[in-house]
Amino acid sequence: MAVGENIFVWTIYNGQCGFGPPSTDTMSVFVYDENQPPAQTGNDLELCTPTTSAVLTANDPIFPATGQWNVVQGGGSLADAADPNTAVFNLTVGDNVFVWTIDNGPCPNAITTDSMTIVLFDENSPAADAGPDQEICVPTFPNTVTMNASVPIYPSTGSWTLVSGTGTITDPGSATTTITDLQVGVSVFEWTISNGPCNPGQTSDQVSISVFDAGQGNANAGPDQQLCTPLNSASLAGNALIFPATGLWTVVGGSGTIVTPTDPTTSINGLTVGVTTLVWTISNGPCANALTTDTLVISVFDGTAPDALAGDDQSFCSPAPNATMFASSPVLPAIGTWALLSGTGAIANPNDPFTAISGLGLGESVFEWTISNGVCGSTTDAMSFFVYNSELPPADAGEDQQYCQHEFTSADLDAEPVVDLLATGVWSLVGGTGTIFDPSDPSATVEGLSLGDNFFLWTVNNGVCGTTVDSMLVNLEDCLTIIIPDAFSPNGDGVNDTYAISNLESYPENSLIVFNRWGAKVLDRNPYTNDWNGTSENSMNWGEELPEGTYYYVLDLGTDADPFTGYIYIRR
């Protein structure tokens with residue numbers, strides 16, 4: 001028999017017994033092909049919504065073998081389950097598994113099956129989202145993070161890959177996998193979602209894991225700097241950064257342009273005279289020292305600024321009032337400072353060029369004004385307050401002096417000394433002659449005096465309190481020239497009552513003899529001391545008043561010179 005259905009008919013003829021045609025019956029003999037191939041389906045399919053139907057493909061059974069499709073997973077409506085190439089409708093998103101079964105009757109291995117999967121992807125499946133960037137600090141926190149990517153809608157799949165940096169992906173297919181073994185720095189991971197034949201079939205997104213170092217030092221802007229014009233630029237010296245920590249320079253006051261604000265050692269240009277304040281900020285992620293700052297001051301001093309001037313000296317008569325300074329003003333950032341070098345006085349504001357000064361005492365008080373111009377240098381100037389004593393006694397030149405010319409041609413003056421811090425005394429010649437060896441010495445020696453009156457002036461200069469003067473006379477007389485009067489009047493009226501010979505005291509060995517007209521001695525003295533009152537000193541009439549008249553005298557000076565002779569007239 002041939003493979004297939006073999007139909008046989010059995011006919012019975014019952015002769016004349018029956019009434020009608022002969023009776024028949026049929027039977028079929030099905031011969032299966034032992035060479036029937038086993039069930040075999042076509043290739044699996046991948047589809048994307050809105051498509052929800054497809055055509056299944058399988059091998060044909062050799063009759064009388066039969067084939068049958070069955071849905072074993074997912075969904076779908078079969079148009080003809082026995083048709084190896086049937087259409088299927090209403091597929092569901094995900095895996096739709098169909099089994100094709102061939103029944104080959106009594107042949108060995110009669111039942112064979114094969115499956116075909118139609119994977120239906122969702123066109124509305126979201127694109128890949130790797131989740132927010134993350135920051136951790138080591139070793140403060142464990143160097144492990146949990147990812148938070150978008151979860152794909154099956155049958156879409158997701159996969160993590162390391163783009164740069166370090167880290168071990170525990171479960172590359174999990175949207176919430178953990179990442180271990182992260183090192184300081186930035187590691188970039190990519191999350192890719194594959195959505196089969198949909199458009200786009202694959203999307204990806206990257207996430208950065210920034211691992212900050214707890215050992216990153218706090219912001220340190222470096223030491224303050226000073227410049228002197230014409231310099232107008234500087235190199236900054238902020239502390240180093242451990243990536244991914246970032247730094248930023250900002251100008252918070254003054255002038256200047258920062259070349260690279262994120263570079264710790266950048267340059268700043270365009271600085272002008274004055275103070276520029278910079279802040280160095282370090283951002284260290286989630287570490288304990290997440291945000292630290294430090295301030296740097298760059299002071300640019302004017303190299304052409306004028307030198308310090310303390311102002312003019314000032315003078316007062318005690319009691320001294322409060323005074324005001326008049327110094328030159330410094331060019332910022334230079335500063336000026338007053339200091340008391342000597343004397344007394346209280347400075348109200350040492351840095352104010354126009355400060356008030358109080359408590360000035362007698363004498364000279366010296367104040368110094370210093371302008372500190374940074375690296376350009378410092379200059380100083382001094383001024384003095386002179387406070388004169390209003391209670392200083394007036395000038396007192398001392399007593400007049402008288403000397404004999406033959407004994408002295410010099411003298412020691414004797415003014416009242418000026419005992420004061422500021423006032424001065426000075427001698428000057430206002431009449432006569434004389435050389436003053438030290439005019440400022442109240443006891444100065446004077447030489448070269450001339451005969452007669454020599455006038456000297458003692459001047460006390462007491463500054464703004466005024467000047468006082470006093471004079472004194474040094475009389476230099478001729479004590480050797482004898483002047484013999486030719487008359488005297490011993491009448492008791494107090495005038496010329498004694499016979500006085502000028503300068504006779506210079507001749508202690510002198511003798512005087514007086515005779516009357518008859519040649520009788522009426523006076524004989526050795527020495528004569530200018531005390532004869534016109535009475536007789538003759539033994540015969542001793543003590544009697546001599547009559548008015550002319551008398552003859554002989555004056556011997558006791559020297560080698562000839563005696564003086566002449567006449568004396570006594571008037572009563």
# chains A, B, ... in the order shown; residues from 1 in each chain; ligands from 1
call {"tool": "select_by_dssp", "arguments": {"residues": "range 159-379 of chain A", "states": "strand (DSSP E or B)", "output": "ChimeraX atom specification"}}
result
/A:159-164,168-169,178-180,185-194,202-213,225-228,234-235,246-253,257-258,267-269,274-283,291-301,314-317,323-324,335-342,346-347,356-358,363-372,378-379
call {"tool": "residues_around", "arguments": {"residues": "range 448-452 of chain A", "least_positions_apart": "3", "cutoff": "7 Å", "atoms": "only C-alpha atoms", "output": "list in words"}}
result
Gln405, Thr409, Ser410, Gly432, Thr433, Gly434, Thr435, Asn475, Leu476 and Glu477 of chain A
call {"tool": "write_last_selection", "arguments": {"atoms": "all heavy atoms", "output": "CSV table (one decimal), in the first residue's frame"}}
result
chain,number,residue,atom,x,y,z
A,405,GLN,N,91.1,150.7,85.7
A,405,GLN,CA,91.6,150.3,84.4
A,405,GLN,C,93.0,149.7,84.5
A,405,GLN,O,93.3,148.8,83.7
A,405,GLN,CB,91.7,151.5,83.5
A,405,GLN,CG,92.2,151.2,82.0
A,405,GLN,CD,92.3,152.4,81.2
A,405,GLN,OE1,92.6,153.5,81.7
A,405,GLN,NE2,92.1,152.3,79.9
A,409,THR,N,91.2,144.7,82.7
A,409,THR,CA,90.7,145.0,81.3
A,409,THR,C,89.6,144.0,80.9
A,409,THR,O,89.2,144.0,79.8
A,409,THR,CB,91.8,145.1,80.3
A,409,THR,OG1,92.5,143.8,80.3
A,409,THR,CG2,92.8,146.2,80.6
A,410,SER,N,89.3,143.1,81.9
A,410,SER,CA,88.3,142.1,81.6
A,410,SER,C,87.4,141.9,82.9
A,410,SER,O,87.8,142.4,83.9
A,410,SER,CB,88.9,140.7,81.3
A,410,SER,OG,89.6,140.2,82.4
A,432,GLY,N,80.0,151.0,74.6
A,432,GLY,CA,81.4,150.8,75.1
A,432,GLY,C,82.0,149.7,74.2
A,432,GLY,O,81.7,149.5,73.0
A,433,THR,N,83.0,149.0,74.8
A,433,THR,CA,83.7,148.0,74.1
A,433,THR,C,83.8,146.8,74.9
A,433,THR,O,83.6,146.8,76.1
A,433,THR,CB,85.1,148.4,73.7
A,433,THR,OG1,85.9,148.7,74.9
A,433,THR,CG2,85.1,149.7,72.8
A,434,GLY,N,84.1,145.7,74.3
A,434,GLY,CA,84.3,144.4,75.0
A,434,GLY,C,84.0,143.2,74.1
A,434,GLY,O,83.1,143.3,73.3
A,435,THR,N,84.8,142.2,74.3
A,435,THR,CA,84.6,140.9,73.5
A,435,THR,C,84.0,139.9,74.5
A,435,THR,O,84.7,139.5,75.5
A,435,THR,CB,85.9,140.5,72.9
A,435,THR,OG1,86.4,141.5,72.1
A,435,THR,CG2,85.7,139.2,72.2
A,475,ASN,N,81.9,149.5,84.6
A,475,ASN,CA,82.6,150.8,84.5
A,475,ASN,C,84.1,150.6,84.7
A,475,ASN,O,84.5,150.0,85.8
A,475,ASN,CB,82.1,151.8,85.5
A,475,ASN,CG,82.8,153.1,85.5
A,475,ASN,OD1,83.7,153.3,86.3
A,475,ASN,ND2,82.5,154.0,84.5
A,476,LEU,N,84.9,151.0,83.8
A,476,LEU,CA,86.3,150.9,83.9
A,476,LEU,C,86.9,152.3,84.1
A,476,LEU,O,86.8,153.1,83.1
A,476,LEU,CB,86.9,150.2,82.7
A,476,LEU,CG,88.3,149.6,82.8
A,476,LEU,CD1,88.2,148.4,83.8
A,476,LEU,CD2,88.7,149.0,81.4
A,477,GLU,N,87.4,152.6,85.3
A,477,GLU,CA,87.8,154.0,85.5
A,477,GLU,C,89.3,154.1,85.7
A,477,GLU,O,90.0,153.1,85.9
A,477,GLU,CB,87.1,154.5,86.8
A,477,GLU,CG,87.4,153.7,88.0
A,477,GLU,CD,86.7,154.3,89.2
A,477,GLU,OE1,86.4,155.5,89.2
A,477,GLU,OE2,86.5,153.6,90.2
call {"tool": "residues_around", "arguments": {"residues": "Leu162 in chain A", "least_positions_apart": "3", "cutoff": "8 Å", "atoms": "only C-alpha atoms", "output": "PyMOL selection string"}}
result
chain A and resi 165-167+169+187-190
call {"tool": "write_last_selection", "arguments": {"atoms": "all heavy atoms", "output": "PDB file, in the first residue's frame"}}
result
ATOM      1  N   GLY A 165      37.446  55.212  34.531  1.00  0.00           N
ATOM      2  CA  GLY A 165      37.632  55.161  35.971  1.00  0.00           C
ATOM      3  C   GLY A 165      37.766  53.743  36.469  1.00  0.00           C
ATOM      4  O   GLY A 165      38.304  52.863  35.781  1.00  0.00           O
ATOM      5  N   THR A 166      37.289  53.543  37.695  1.00  0.00           N
ATOM      6  CA  THR A 166      37.433  52.234  38.325  1.00  0.00           C
ATOM      7  C   THR A 166      36.088  51.789  38.873  1.00  0.00           C
ATOM      8  O   THR A 166      35.161  52.582  39.006  1.00  0.00           O
ATOM      9  CB  THR A 166      38.447  52.308  39.481  1.00  0.00           C
ATOM     10  OG1 THR A 166      37.959  53.234  40.463  1.00  0.00           O
ATOM     11  CG2 THR A 166      39.813  52.759  39.003  1.00  0.00           C
ATOM     12  N   GLY A 167      35.990  50.519  39.231  1.00  0.00           N
ATOM     13  CA  GLY A 167      34.780  49.998  39.840  1.00  0.00           C
ATOM     14  C   GLY A 167      34.416  48.643  39.273  1.00  0.00           C
ATOM     15  O   GLY A 167      34.654  48.339  38.099  1.00  0.00           O
ATOM     16  N   ILE A 169      31.282  46.086  38.598  1.00  0.00           N
ATOM     17  CA  ILE A 169      29.823  46.028  38.478  1.00  0.00           C
ATOM     18  C   ILE A 169      29.371  44.653  38.958  1.00  0.00           C
ATOM     19  O   ILE A 169      29.672  43.629  38.327  1.00  0.00           O
ATOM     20  CB  ILE A 169      29.376  46.270  37.027  1.00  0.00           C
ATOM     21  CG1 ILE A 169      29.937  47.608  36.519  1.00  0.00           C
ATOM     22  CG2 ILE A 169      27.863  46.230  36.914  1.00  0.00           C
ATOM     23  CD1 ILE A 169      29.766  47.823  35.033  1.00  0.00           C
ATOM     24  N   SER A 187      34.453  58.028  38.112  1.00  0.00           N
ATOM     25  CA  SER A 187      34.213  56.848  37.277  1.00  0.00           C
ATOM     26  C   SER A 187      32.890  57.044  36.557  1.00  0.00           C
ATOM     27  O   SER A 187      31.890  57.435  37.165  1.00  0.00           O
ATOM     28  CB  SER A 187      34.175  55.578  38.129  1.00  0.00           C
ATOM     29  OG  SER A 187      35.436  55.355  38.748  1.00  0.00           O
ATOM     30  N   VAL A 188      32.913  56.742  35.257  1.00  0.00           N
ATOM     31  CA  VAL A 188      31.714  56.926  34.433  1.00  0.00           C
ATOM     32  C   VAL A 188      31.187  55.550  34.018  1.00  0.00           C
ATOM     33  O   VAL A 188      31.940  54.710  33.501  1.00  0.00           O
ATOM     34  CB  VAL A 188      32.030  57.779  33.190  1.00  0.00           C
ATOM     35  CG1 VAL A 188      30.773  57.928  32.313  1.00  0.00           C
ATOM     36  CG2 VAL A 188      32.559  59.155  33.600  1.00  0.00           C
ATOM     37  N   PHE A 189      29.888  55.331  34.270  1.00  0.00           N
ATOM     38  CA  PHE A 189      29.225  54.080  33.904  1.00  0.00           C
ATOM     39  C   PHE A 189      28.100  54.394  32.927  1.00  0.00           C
ATOM     40  O   PHE A 189      27.443  55.429  33.025  1.00  0.00           O
ATOM     41  CB  PHE A 189      28.666  53.381  35.153  1.00  0.00           C
ATOM     42  CG  PHE A 189      29.743  52.959  36.115  1.00  0.00           C
ATOM     43  CD1 PHE A 189      30.207  53.841  37.096  1.00  0.00           C
ATOM     44  CD2 PHE A 189      30.304  51.690  36.048  1.00  0.00           C
ATOM     45  CE1 PHE A 189      31.194  53.457  37.971  1.00  0.00           C
ATOM     46  CE2 PHE A 189      31.294  51.306  36.933  1.00  0.00           C
ATOM     47  CZ  PHE A 189      31.745  52.186  37.899  1.00  0.00           C
ATOM     48  N   GLU A 190      27.888  53.429  31.999  1.00  0.00           N
ATOM     49  CA  GLU A 190      26.846  53.612  30.996  1.00  0.00           C
ATOM     50  C   GLU A 190      25.794  52.514  31.137  1.00  0.00           C
ATOM     51  O   GLU A 190      26.105  51.336  31.238  1.00  0.00           O
ATOM     52  CB  GLU A 190      27.442  53.600  29.592  1.00  0.00           C
ATOM     53  CG  GLU A 190      26.444  53.941  28.503  1.00  0.00           C
ATOM     54  CD  GLU A 190      27.132  54.123  27.155  1.00  0.00           C
ATOM     55  OE1 GLU A 190      27.500  53.104  26.526  1.00  0.00           O
ATOM     56  OE2 GLU A 190      27.315  55.291  26.755  1.00  0.00           O
TER      57      GLU A 190
END
call {"tool": "closest_residue", "arguments": {"among": "A:Pro22, A:Gly359, A:Gly42, A:Gly311", "to": "Trp338 in chain A", "atoms": "only C-alpha atoms"}}
result
A:Gly311
call {"tool": "residues_around", "arguments": {"residues": "Val3 in chain A", "least_positions_apart": "2", "cutoff": "10 Å", "atoms": "only C-alpha atoms", "output": "list in words"}}
result
Met1, Glu5, Asn6, Val29, Phe30, Val31, Tyr32, Asp33, Glu34, Ile62, Phe63 and Pro64 of chain A
call {"tool": "write_last_selection", "arguments": {"atoms": "all heavy atoms", "output": "compact mmCIF listing (two decimals), in the first residue's frame"}}
result
# COMPACT_ATOMS: atom_id res chain seq x y z
N MET A 1 0.83 -1.20 0.00
CA MET A 1 0.00 0.00 0.00
C MET A 1 0.88 1.26 0.00
O MET A 1 2.01 1.22 0.51
CB MET A 1 -0.90 0.01 1.24
CG MET A 1 -2.05 -1.02 1.18
SD MET A 1 -3.15 -0.92 2.59
CE MET A 1 -2.06 -1.48 3.87
N GLU A 5 -3.81 7.26 2.72
CA GLU A 5 -5.03 6.55 3.09
C GLU A 5 -5.37 5.59 1.95
O GLU A 5 -5.50 6.01 0.80
CB GLU A 5 -6.17 7.53 3.32
CG GLU A 5 -7.45 6.88 3.75
CD GLU A 5 -8.58 7.87 4.00
OE1 GLU A 5 -8.42 9.09 3.69
OE2 GLU A 5 -9.61 7.45 4.55
N ASN A 6 -5.48 4.35 2.31
CA ASN A 6 -5.89 3.31 1.36
C ASN A 6 -7.31 2.88 1.76
O ASN A 6 -7.51 2.31 2.83
CB ASN A 6 -4.95 2.13 1.38
CG ASN A 6 -3.51 2.52 0.96
OD1 ASN A 6 -3.22 2.63 -0.21
ND2 ASN A 6 -2.65 2.80 1.95
N VAL A 29 -7.13 2.13 5.32
CA VAL A 29 -5.84 1.71 5.87
C VAL A 29 -4.89 2.90 5.67
O VAL A 29 -4.61 3.29 4.53
CB VAL A 29 -5.31 0.44 5.19
CG1 VAL A 29 -3.95 0.08 5.74
CG2 VAL A 29 -6.28 -0.70 5.35
N PHE A 30 -4.51 3.48 6.83
CA PHE A 30 -3.60 4.63 6.78
C PHE A 30 -2.15 4.15 6.88
O PHE A 30 -1.81 3.47 7.85
CB PHE A 30 -3.91 5.61 7.91
CG PHE A 30 -5.25 6.26 7.78
CD1 PHE A 30 -6.37 5.73 8.41
CD2 PHE A 30 -5.40 7.42 7.03
CE1 PHE A 30 -7.61 6.33 8.31
CE2 PHE A 30 -6.65 8.02 6.93
CZ PHE A 30 -7.76 7.49 7.56
N VAL A 31 -1.41 4.49 5.90
CA VAL A 31 0.01 4.10 5.88
C VAL A 31 0.84 5.36 6.14
O VAL A 31 0.80 6.32 5.35
CB VAL A 31 0.39 3.46 4.52
CG1 VAL A 31 1.87 3.09 4.52
CG2 VAL A 31 -0.48 2.25 4.23
N TYR A 32 1.49 5.41 7.27
CA TYR A 32 2.34 6.57 7.67
C TYR A 32 3.74 6.37 7.12
O TYR A 32 4.23 5.23 7.05
CB TYR A 32 2.38 6.69 9.20
CG TYR A 32 1.04 7.12 9.78
CD1 TYR A 32 0.04 6.19 10.05
CD2 TYR A 32 0.79 8.46 10.04
CE1 TYR A 32 -1.19 6.58 10.59
CE2 TYR A 32 -0.44 8.85 10.60
CZ TYR A 32 -1.41 7.93 10.86
OH TYR A 32 -2.61 8.33 11.38
N ASP A 33 4.29 7.49 6.83
CA ASP A 33 5.65 7.46 6.26
C ASP A 33 6.66 7.48 7.39
O ASP A 33 6.73 8.42 8.19
CB ASP A 33 5.85 8.68 5.35
CG ASP A 33 7.12 8.58 4.51
OD1 ASP A 33 7.96 7.72 4.84
OD2 ASP A 33 7.28 9.42 3.60
N GLU A 34 7.39 6.37 7.40
CA GLU A 34 8.40 6.31 8.49
C GLU A 34 9.48 7.36 8.32
O GLU A 34 10.24 7.64 9.23
CB GLU A 34 9.01 4.92 8.53
CG GLU A 34 9.79 4.56 7.30
CD GLU A 34 10.46 3.19 7.40
OE1 GLU A 34 10.52 2.68 8.55
OE2 GLU A 34 10.90 2.69 6.37
N ILE A 62 3.46 14.77 6.59
CA ILE A 62 3.17 13.90 5.43
C ILE A 62 1.94 13.10 5.80
O ILE A 62 1.95 12.30 6.75
CB ILE A 62 4.36 12.99 5.13
CG1 ILE A 62 5.62 13.84 4.79
CG2 ILE A 62 4.03 12.04 3.98
CD1 ILE A 62 6.88 13.01 4.63
N PHE A 63 0.89 13.33 5.04
CA PHE A 63 -0.38 12.67 5.33
C PHE A 63 -0.19 11.16 5.34
O PHE A 63 0.56 10.64 4.52
CB PHE A 63 -1.43 13.06 4.27
CG PHE A 63 -2.81 12.54 4.58
CD1 PHE A 63 -3.61 13.16 5.52
CD2 PHE A 63 -3.28 11.38 3.95
CE1 PHE A 63 -4.88 12.65 5.80
CE2 PHE A 63 -4.55 10.87 4.23
CZ PHE A 63 -5.35 11.52 5.15
N PRO A 64 -0.70 10.54 6.32
CA PRO A 64 -1.77 10.94 7.22
C PRO A 64 -1.32 11.53 8.52
O PRO A 64 -2.11 11.70 9.46
CB PRO A 64 -2.51 9.64 7.43
CG PRO A 64 -1.44 8.64 7.42
CD PRO A 64 -0.46 9.09 6.38
call {"tool": "residues_around", "arguments": {"residues": "Thr168 in chain A", "least_positions_apart": "6", "cutoff": "6 Å", "atoms": "only C-alpha atoms", "output": "PyMOL selection string"}}
result
chain A and resi 179-181
call {"tool": "atom_distance", "arguments": {"atom1": "CA of Ser539 in chain A", "atom2": "CA of Gly519 in chain A"}}
result
14.5 Å
call {"tool": "residues_around", "arguments": {"residues": "Val297 in chain A", "least_positions_apart": "6", "cutoff": "9 Å", "atoms": "only C-alpha atoms", "output": "short mmCIF file (atom, residue, chain, number, x, y, z; two decimals) with N, CA and C atoms, in the first residue's frame"}}
result
data_model
loop_
_atom_site.label_atom_id
_atom_site.label_comp_id
_atom_site.auth_asym_id
_atom_site.auth_seq_id
_atom_site.Cartn_x
_atom_site.Cartn_y
_atom_site.Cartn_z
N PRO A 223 50.20 82.57 51.53
CA PRO A 223 50.47 83.80 52.30
C PRO A 223 50.03 85.05 51.55
N ASP A 224 49.67 86.07 52.32
CA ASP A 224 49.36 87.36 51.72
C ASP A 224 50.59 87.87 50.97
N GLN A 225 50.34 88.71 49.97
CA GLN A 225 51.43 89.19 49.13
C GLN A 225 51.44 90.71 49.09
N GLN A 226 52.63 91.24 48.85
CA GLN A 226 52.79 92.68 48.68
C GLN A 226 53.56 92.94 47.39
N VAL A 275 44.22 97.43 47.86
CA VAL A 275 44.14 96.08 48.42
C VAL A 275 43.14 95.27 47.60
N THR A 276 43.61 94.12 47.13
CA THR A 276 42.74 93.18 46.43
C THR A 276 42.58 91.95 47.31
N THR A 277 41.33 91.57 47.57
CA THR A 277 41.04 90.42 48.42
C THR A 277 40.50 89.28 47.57
N LEU A 278 41.16 88.13 47.69
CA LEU A 278 40.77 86.94 46.94
C LEU A 278 40.33 85.85 47.91
N VAL A 279 39.41 85.01 47.46
CA VAL A 279 38.99 83.86 48.24
C VAL A 279 39.22 82.60 47.42
#
call {"tool": "atom_distance", "arguments": {"atom1": "CA of Ile513 in chain A", "atom2": "CA of Ser489 in chain A"}}
result
18.4 Å
call {"tool": "closest_atom_pairs", "arguments": {"of": "range 278-341 of chain A", "to": "range 454-472 of chain A", "cutoff": "9 Å", "atoms": "only C-alpha atoms", "output": "tab-separated table"}}
result
residue	atom	partner	partner_atom	distance
A:Ser315	CA	A:Val464	CA	6.7
A:Phe316	CA	A:Val464	CA	6.2
A:Cys317	CA	A:Cys465	CA	5.1
A:Ser318	CA	A:Cys465	CA	8.0
call {"tool": "write_last_selection", "arguments": {"atoms": "C-alpha atoms", "output": "mmCIF file, in the first residue's frame"}}
result
data_model
loop_
_atom_site.group_PDB
_atom_site.id
_atom_site.type_symbol
_atom_site.label_atom_id
_atom_site.label_comp_id
_atom_site.auth_asym_id
_atom_site.auth_seq_id
_atom_site.Cartn_x
_atom_site.Cartn_y
_atom_site.Cartn_z
ATOM 1 C CA SER A 315 55.256 126.385 69.564
ATOM 2 C CA PHE A 316 53.067 127.187 72.563
ATOM 3 C CA CYS A 317 53.324 129.172 75.767
ATOM 4 C CA SER A 318 52.330 127.097 78.779
#
call {"tool": "residues_around", "arguments": {"residues": "Ser506 in chain A", "least_positions_apart": "6", "cutoff": "10 Å", "atoms": "only C-alpha atoms", "output": "ChimeraX atom specification"}}
result
/A:404,406,479-482,557
